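Here is the structure we will look at.
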Amino acid sequence: MKESTATILFADLMNSTELAKNLSLQEYDDMLGDFQDTMFEVVSHHLDYFAYEGNGIDSEWSISGDELRVFLYSENIYFDIRNALLIATKIKLAWLSSNFNQKVLSEQRLVSRIGVGINCGKVIKDVRPWRVKIGKAEPNIEGYAINLTKRIESASREGNVYQIMVGASLYKRCQQNSQINVTFSKPKSLVFKGLGQKIPVYEVTSFVNFEIMSSMPVSLQEGLLEKIESTVRDAMPEPWIFIVLLRSYISMSNLSNDEDVDLKALEIGQQALEVVEYKPVIYNILGWLHTYGKNVRNLEMAFHYFDQSLGLQPKNEAALLNRARILEEMGQGDLARHAYQEILFQNRQHPVARRKIAEYQAAQ
Amino acid sequence: MTLGELPTGGLYIDLGLGIVVFLLLFYEIAVQHRTRRKIAQLEKTIVTLQHDQEEVFTNLEDKANAVTDMLFEKTKPLASKLNELSKRANTILERSEAFRQEFQNKVGSLQDAIDDTNAKFNSSHEAVRKAVQEGKSEIERMAKEVEGFEKEIQQMKNFIREGTIDLEL
């Protein structure tokens, strides 16, 4: 028997029962086959890419029907959380660009979506005698956290941004770690069947990570960007796609001199402001493009966007830092110093702000 | 039977044939006479030609003898000169051989030393060549490693840069 803290991810096709009613048995089987192939390709490649050993050593996963289960227990909980969020976003992205959904999109019908639930908690791995008798000698993974995560996943239907729901355990850990750029909605207290108490559930409202696209299997990367671009031109684009797309444009802008990328990013960013509920991240992206974009540099515009971001979220560290840098570049020394001090009020260990304040003090 | 006794029809035919035979005989005699005369003329011409040929041969022989005499006269001093030169060449060759022998004796030991040095040099050269070749391979391998390392560093730089951007958005 082995006890460990695992990050658990459940994912399944939303409204699959309704879908089954409207599809023939063959069509439903085709859809399931496509879903399972896509999940297999993304998850197996992801775990290999991020050097998980698998085989029950630091991770295990399975697909059954329209459900995916992933358990990560590498002994670095933040690493596991980050990877669970990456897997969640990647499977949604891969499913959106799957053959099944591309066909649905071409027929201008509503695409099939994936709901995800993620949580952290204690689990036990044990070998059950009855399983050995039926030839399954590998340890089984059990624990309350698994049941809870399954219920959290069922709440994903109520989500309207990412449809990735997390439990309080994961939420708290993300608040403690500033290395994962993820934000959550306000908690929804839900009563789940069999649990008898209200459980807070949070929806991911933004997850910024450059590896969502770059760590996709090569077979899925081909034409992926174009497929995502086509979905944002849809009448009802999903908000999370904008964040993924804009982050990809920033990577492209960072690695190339393509003027079109910056312009396209600004255009999509403006469109995102109308669709995405959690706007600070979009303002920050627009601000970044005007600060560092090689062809659309405009510090005044950048300052304006970071200011907008702070208007909605005064403690947004990224916006505070970028605003301080712009003030410094504009020659507004006193204001820049004040902006860096503002960052230190919130996070006394912020390395950039500490260094800058030390430089100002040394210059006096 | 006399001519007058000859029957009239046959008489004219026989007479015609006799005239033809006569004419043929006369023609043959004339041809023979002419042929004989031509043969005599030819004999005369052949004799003349033989005479002329003899004269030509005589003249040619005389001229050839004259040329031979003249050449002999002319080459005679050259031959003596050639003899003299041959003698001198032999003398030189003899002297060269003596010198070569003497030189061989004198430089023999030096040659051995040079051969030894040369062998040593060749062996060193081979060792150096091998070392250079190995060094070259090693440098190439290192260059590849550096190149790979450079790519890795670039990837790491990109990774850090992208990771930093993530946190500044």
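Every chain in the structure tokens takes a letter, A first, then B, and so on in the order presented; its residues are numbered from 1, and the ligands are numbered from 1 following the presented order.
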
I need the chain A residues near chain B as a PyMOL selection string; criterion: at most 10 Å, counting only C-alpha atoms. chain A and resi 178-182+207-211+247+250-251+254-255+280-288+306+316-322

Selected residues, C-alpha atoms, written as a tab-separated table (two decimals), in the first residue's frame, please.
```
chain	number	residue	atom	x	y	z
A	178	SER	CA	3.14	32.59	-8.67
A	179	GLN	CA	4.92	30.50	-11.28
A	180	ILE	CA	1.67	29.30	-12.84
A	181	ASN	CA	-0.16	32.09	-14.66
A	182	VAL	CA	-3.69	30.84	-14.02
A	207	PHE	CA	-4.30	30.04	-18.30
A	208	VAL	CA	-1.32	31.56	-20.04
A	209	ASN	CA	1.34	29.08	-21.04
A	210	PHE	CA	3.53	29.09	-24.13
A	211	GLU	CA	3.82	25.29	-24.13
A	247	ARG	CA	-0.33	33.63	-26.52
A	250	ILE	CA	3.19	36.45	-28.87
A	251	SER	CA	5.54	33.47	-29.25
A	254	ASN	CA	8.97	36.94	-30.17
A	255	LEU	CA	10.72	34.54	-32.54
A	280	PRO	CA	-7.04	41.81	-17.44
A	281	VAL	CA	-5.11	39.11	-19.29
A	282	ILE	CA	-6.30	40.46	-22.66
A	283	TYR	CA	-5.31	44.03	-21.67
A	284	ASN	CA	-1.93	42.72	-20.59
A	285	ILE	CA	-1.46	40.92	-23.90
A	286	LEU	CA	-2.38	44.06	-25.86
A	287	GLY	CA	-0.05	46.09	-23.63
A	288	TRP	CA	2.77	43.58	-24.21
A	306	PHE	CA	-1.82	48.08	-18.57
A	316	ASN	CA	-2.22	42.51	-11.09
A	317	GLU	CA	1.52	42.05	-10.70
A	318	ALA	CA	2.22	41.64	-14.41
A	319	ALA	CA	0.48	44.92	-15.26
A	320	LEU	CA	2.24	46.74	-12.41
A	321	LEU	CA	5.64	45.52	-13.58
A	322	ASN	CA	5.06	46.42	-17.22
```

Using DSSP assignments from the backbone, pull out every residue in range 174-270 of chain A that falls under helix (DSSP H, G or I) and give it to me as a compact mmCIF listing (two decimals) with N, CA and C atoms, in the first residue's frame.
```
# COMPACT_ATOMS: atom_id res chain seq x y z
N CYS A 174 -2.44 26.92 -6.25
CA CYS A 174 -2.13 27.88 -7.33
C CYS A 174 -1.99 29.30 -6.77
N GLN A 175 -2.74 29.62 -5.71
CA GLN A 175 -2.63 30.95 -5.11
C GLN A 175 -1.28 31.10 -4.40
N GLN A 176 -0.76 29.96 -3.95
CA GLN A 176 0.53 30.01 -3.23
C GLN A 176 1.72 30.07 -4.21
N GLU A 211 3.62 26.69 -23.70
CA GLU A 211 3.82 25.29 -24.13
C GLU A 211 2.52 24.60 -24.56
N ILE A 212 1.42 25.27 -24.47
CA ILE A 212 0.16 24.63 -24.91
C ILE A 212 0.29 24.24 -26.39
N MET A 213 0.75 25.17 -27.18
CA MET A 213 0.87 24.89 -28.62
C MET A 213 2.16 24.15 -28.94
N SER A 214 3.26 24.62 -28.35
CA SER A 214 4.57 24.06 -28.74
C SER A 214 4.75 22.61 -28.30
N VAL A 218 3.38 16.49 -32.93
CA VAL A 218 3.66 17.05 -34.26
C VAL A 218 2.50 16.76 -35.22
N SER A 219 1.95 15.57 -35.10
CA SER A 219 0.85 15.19 -36.02
C SER A 219 -0.36 16.12 -35.85
N LEU A 220 -0.53 16.70 -34.66
CA LEU A 220 -1.68 17.58 -34.45
C LEU A 220 -1.35 19.04 -34.69
N GLN A 221 -0.04 19.35 -34.71
CA GLN A 221 0.34 20.76 -34.87
C GLN A 221 0.06 21.29 -36.28
N LEU A 224 -2.99 23.43 -37.09
CA LEU A 224 -3.72 23.70 -35.85
C LEU A 224 -4.05 25.19 -35.70
N LEU A 225 -3.05 26.02 -35.95
CA LEU A 225 -3.26 27.47 -35.79
C LEU A 225 -4.39 27.96 -36.71
N GLU A 226 -4.38 27.47 -37.94
CA GLU A 226 -5.40 27.88 -38.90
C GLU A 226 -6.79 27.44 -38.41
N LYS A 227 -6.85 26.23 -37.85
CA LYS A 227 -8.14 25.73 -37.35
C LYS A 227 -8.63 26.59 -36.19
N ILE A 228 -7.71 26.96 -35.30
CA ILE A 228 -8.11 27.80 -34.16
C ILE A 228 -8.56 29.17 -34.66
N GLU A 229 -7.79 29.70 -35.62
CA GLU A 229 -8.16 31.01 -36.17
C GLU A 229 -9.56 30.98 -36.77
N SER A 230 -9.87 29.84 -37.42
CA SER A 230 -11.20 29.76 -38.05
C SER A 230 -12.30 29.69 -36.98
N THR A 231 -11.99 29.11 -35.82
CA THR A 231 -13.03 29.02 -34.78
C THR A 231 -13.33 30.38 -34.14
N VAL A 232 -12.33 31.27 -34.11
CA VAL A 232 -12.61 32.59 -33.53
C VAL A 232 -13.42 33.48 -34.49
N PRO A 239 -14.45 31.61 -25.30
CA PRO A 239 -13.50 32.62 -24.80
C PRO A 239 -12.06 32.11 -24.62
N TRP A 240 -11.93 30.88 -24.15
CA TRP A 240 -10.57 30.39 -23.85
C TRP A 240 -9.68 30.31 -25.08
N ILE A 241 -10.32 30.13 -26.25
CA ILE A 241 -9.52 29.99 -27.49
C ILE A 241 -8.74 31.27 -27.77
N PHE A 242 -9.34 32.43 -27.43
CA PHE A 242 -8.67 33.70 -27.67
C PHE A 242 -7.35 33.79 -26.90
N ILE A 243 -7.40 33.33 -25.65
CA ILE A 243 -6.18 33.42 -24.83
C ILE A 243 -5.08 32.52 -25.40
N VAL A 244 -5.47 31.31 -25.80
CA VAL A 244 -4.50 30.37 -26.39
C VAL A 244 -3.92 30.96 -27.68
N LEU A 245 -4.80 31.50 -28.49
CA LEU A 245 -4.38 32.05 -29.79
C LEU A 245 -3.48 33.27 -29.62
N LEU A 246 -3.87 34.16 -28.72
CA LEU A 246 -3.06 35.37 -28.52
C LEU A 246 -1.68 35.03 -27.97
N ARG A 247 -1.64 34.03 -27.07
CA ARG A 247 -0.33 33.63 -26.52
C ARG A 247 0.55 33.05 -27.64
N SER A 248 -0.07 32.35 -28.57
CA SER A 248 0.70 31.79 -29.70
C SER A 248 1.26 32.91 -30.56
N TYR A 249 0.45 33.94 -30.77
CA TYR A 249 0.93 35.07 -31.57
C TYR A 249 2.12 35.75 -30.91
N ILE A 250 2.07 35.82 -29.57
CA ILE A 250 3.19 36.45 -28.87
C ILE A 250 4.47 35.64 -29.07
N SER A 251 4.36 34.32 -29.00
CA SER A 251 5.54 33.47 -29.25
C SER A 251 6.06 33.69 -30.67
N MET A 252 5.14 33.77 -31.60
CA MET A 252 5.55 33.97 -33.00
C MET A 252 6.20 35.33 -33.19
N SER A 253 5.64 36.33 -32.55
CA SER A 253 6.20 37.68 -32.64
C SER A 253 7.58 37.73 -32.00
N ASN A 254 7.72 36.99 -30.91
CA ASN A 254 8.97 36.94 -30.17
C ASN A 254 10.08 36.28 -30.98
N LEU A 255 9.71 35.31 -31.80
CA LEU A 255 10.72 34.54 -32.54
C LEU A 255 10.90 34.99 -33.99
N GLU A 259 5.55 41.13 -39.46
CA GLU A 259 4.71 42.27 -39.09
C GLU A 259 3.25 41.86 -38.98
N ASP A 260 2.85 40.93 -39.85
CA ASP A 260 1.45 40.50 -39.89
C ASP A 260 1.00 39.88 -38.57
N VAL A 261 1.93 39.19 -37.91
CA VAL A 261 1.58 38.51 -36.65
C VAL A 261 1.14 39.53 -35.62
N ASP A 262 1.92 40.60 -35.47
CA ASP A 262 1.58 41.63 -34.48
C ASP A 262 0.22 42.27 -34.81
N LEU A 263 0.04 42.57 -36.08
CA LEU A 263 -1.23 43.21 -36.48
C LEU A 263 -2.42 42.27 -36.26
N LYS A 264 -2.21 41.00 -36.62
CA LYS A 264 -3.26 40.00 -36.43
C LYS A 264 -3.58 39.86 -34.94
N ALA A 265 -2.52 39.85 -34.12
CA ALA A 265 -2.69 39.70 -32.67
C ALA A 265 -3.49 40.87 -32.11
N LEU A 266 -3.18 42.07 -32.58
CA LEU A 266 -3.92 43.25 -32.08
C LEU A 266 -5.39 43.15 -32.47
N GLU A 267 -5.63 42.69 -33.67
CA GLU A 267 -7.02 42.57 -34.16
C GLU A 267 -7.79 41.53 -33.32
N ILE A 268 -7.15 40.37 -33.11
CA ILE A 268 -7.80 39.31 -32.33
C ILE A 268 -7.97 39.77 -30.87
N GLY A 269 -6.97 40.53 -30.39
CA GLY A 269 -7.05 41.05 -29.02
C GLY A 269 -8.26 41.95 -28.82
N GLN A 270 -8.51 42.80 -29.80
CA GLN A 270 -9.68 43.69 -29.74
C GLN A 270 -10.97 42.88 -29.73
```

Exercise: range 184-193 of chain A partners within 6 Å, only C-alpha atoms, chain neighbours under 2 positions left out, as a list in words: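 Residues meeting the cut-off are Leu195, Gln197, Lys198, Ile199, Pro200, Val201, Tyr202, Glu203, Val204 and Thr205 of chain A.
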
Save out the residues we just selected, C-alpha atoms, as a tab-separated table (two decimals), in the first residue's frame.
```tsv
chain	number	residue	atom	x	y	z
A	195	LEU	CA	-21.07	14.11	-0.42
A	197	GLN	CA	-21.95	19.21	1.98
A	198	LYS	CA	-21.29	22.26	-0.13
A	199	ILE	CA	-18.07	22.02	-2.06
A	200	PRO	CA	-16.42	25.13	-3.58
A	201	VAL	CA	-15.64	24.76	-7.26
A	202	TYR	CA	-13.61	27.27	-9.33
A	203	GLU	CA	-13.53	27.65	-13.06
A	204	VAL	CA	-10.30	28.47	-14.87
A	205	THR	CA	-10.76	31.92	-16.41
```

What does the structure give for the distance between CA of Arg233 in chain A and CA of Phe100 in chain A, in Å to one decimal? 18.7 Å

What separates CA of Glu60 in chain A and CA of Asn177 in chain A is a distance of 24.8 Å

Which residue gives the smallest distance to Tyr73 in chain A among A:Ala88, A:Leu32, A:Cys120, A:Val104, with only C-alpha atoms counted?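 Among the listed residues, the smallest separation from Tyr73 in chain A belongs to A:Cys120.
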
Test item: residues at most 7 Å from Ala11 in chain A, only C-alpha atoms, excluding those fewer than 6 positions along its chain, as a ChimeraX atom specification: /A:67-69,114-117,153

Please save C-alpha atoms of the selected residues as a PDB file, in the first residue's frame.
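Everything below was put into part-v8.pdb:
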```pdb
ATOM      1  CA  GLU A  67     -13.989   9.524 -20.200  1.00  0.00           C
ATOM      2  CA  LEU A  68     -10.306  10.247 -19.647  1.00  0.00           C
ATOM      3  CA  ARG A  69      -8.640   9.795 -16.244  1.00  0.00           C
ATOM      4  CA  ILE A 114     -14.844  18.544 -23.368  1.00  0.00           C
ATOM      5  CA  GLY A 115     -15.501  19.248 -19.693  1.00  0.00           C
ATOM      6  CA  VAL A 116     -12.593  18.859 -17.280  1.00  0.00           C
ATOM      7  CA  GLY A 117     -12.297  18.549 -13.510  1.00  0.00           C
ATOM      8  CA  GLU A 153     -15.732  17.461 -13.471  1.00  0.00           C
TER       9      GLU A 153
END
```

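From CA of Asn83 in chain A back to CA of Gly223 in chain A, the distance works out to 23.8 Å.
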
Using only C-alpha atoms, pick whichever of A:Arg323, A:Arg354, A:His304, A:Lys315 has the shortest atom-to-atom distance to Ala339 in chain A.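 For Ala339 in chain A, the nearest of the candidates is A:Arg323.
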
Smallest atom-to-atom distance to Pro139 in chain A: which of A:Glu359, A:Asp126, A:Asp258, A:Asp29, using only C-alpha atoms?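 Looking at the shortest contact to Pro139 in chain A, the residue is A:Asp126.
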
Range 1-76 of chain A: residues DSSP assigns to strand (DSSP E), reported as number ranges by chain: A: 2-13, 59-64, 67-72
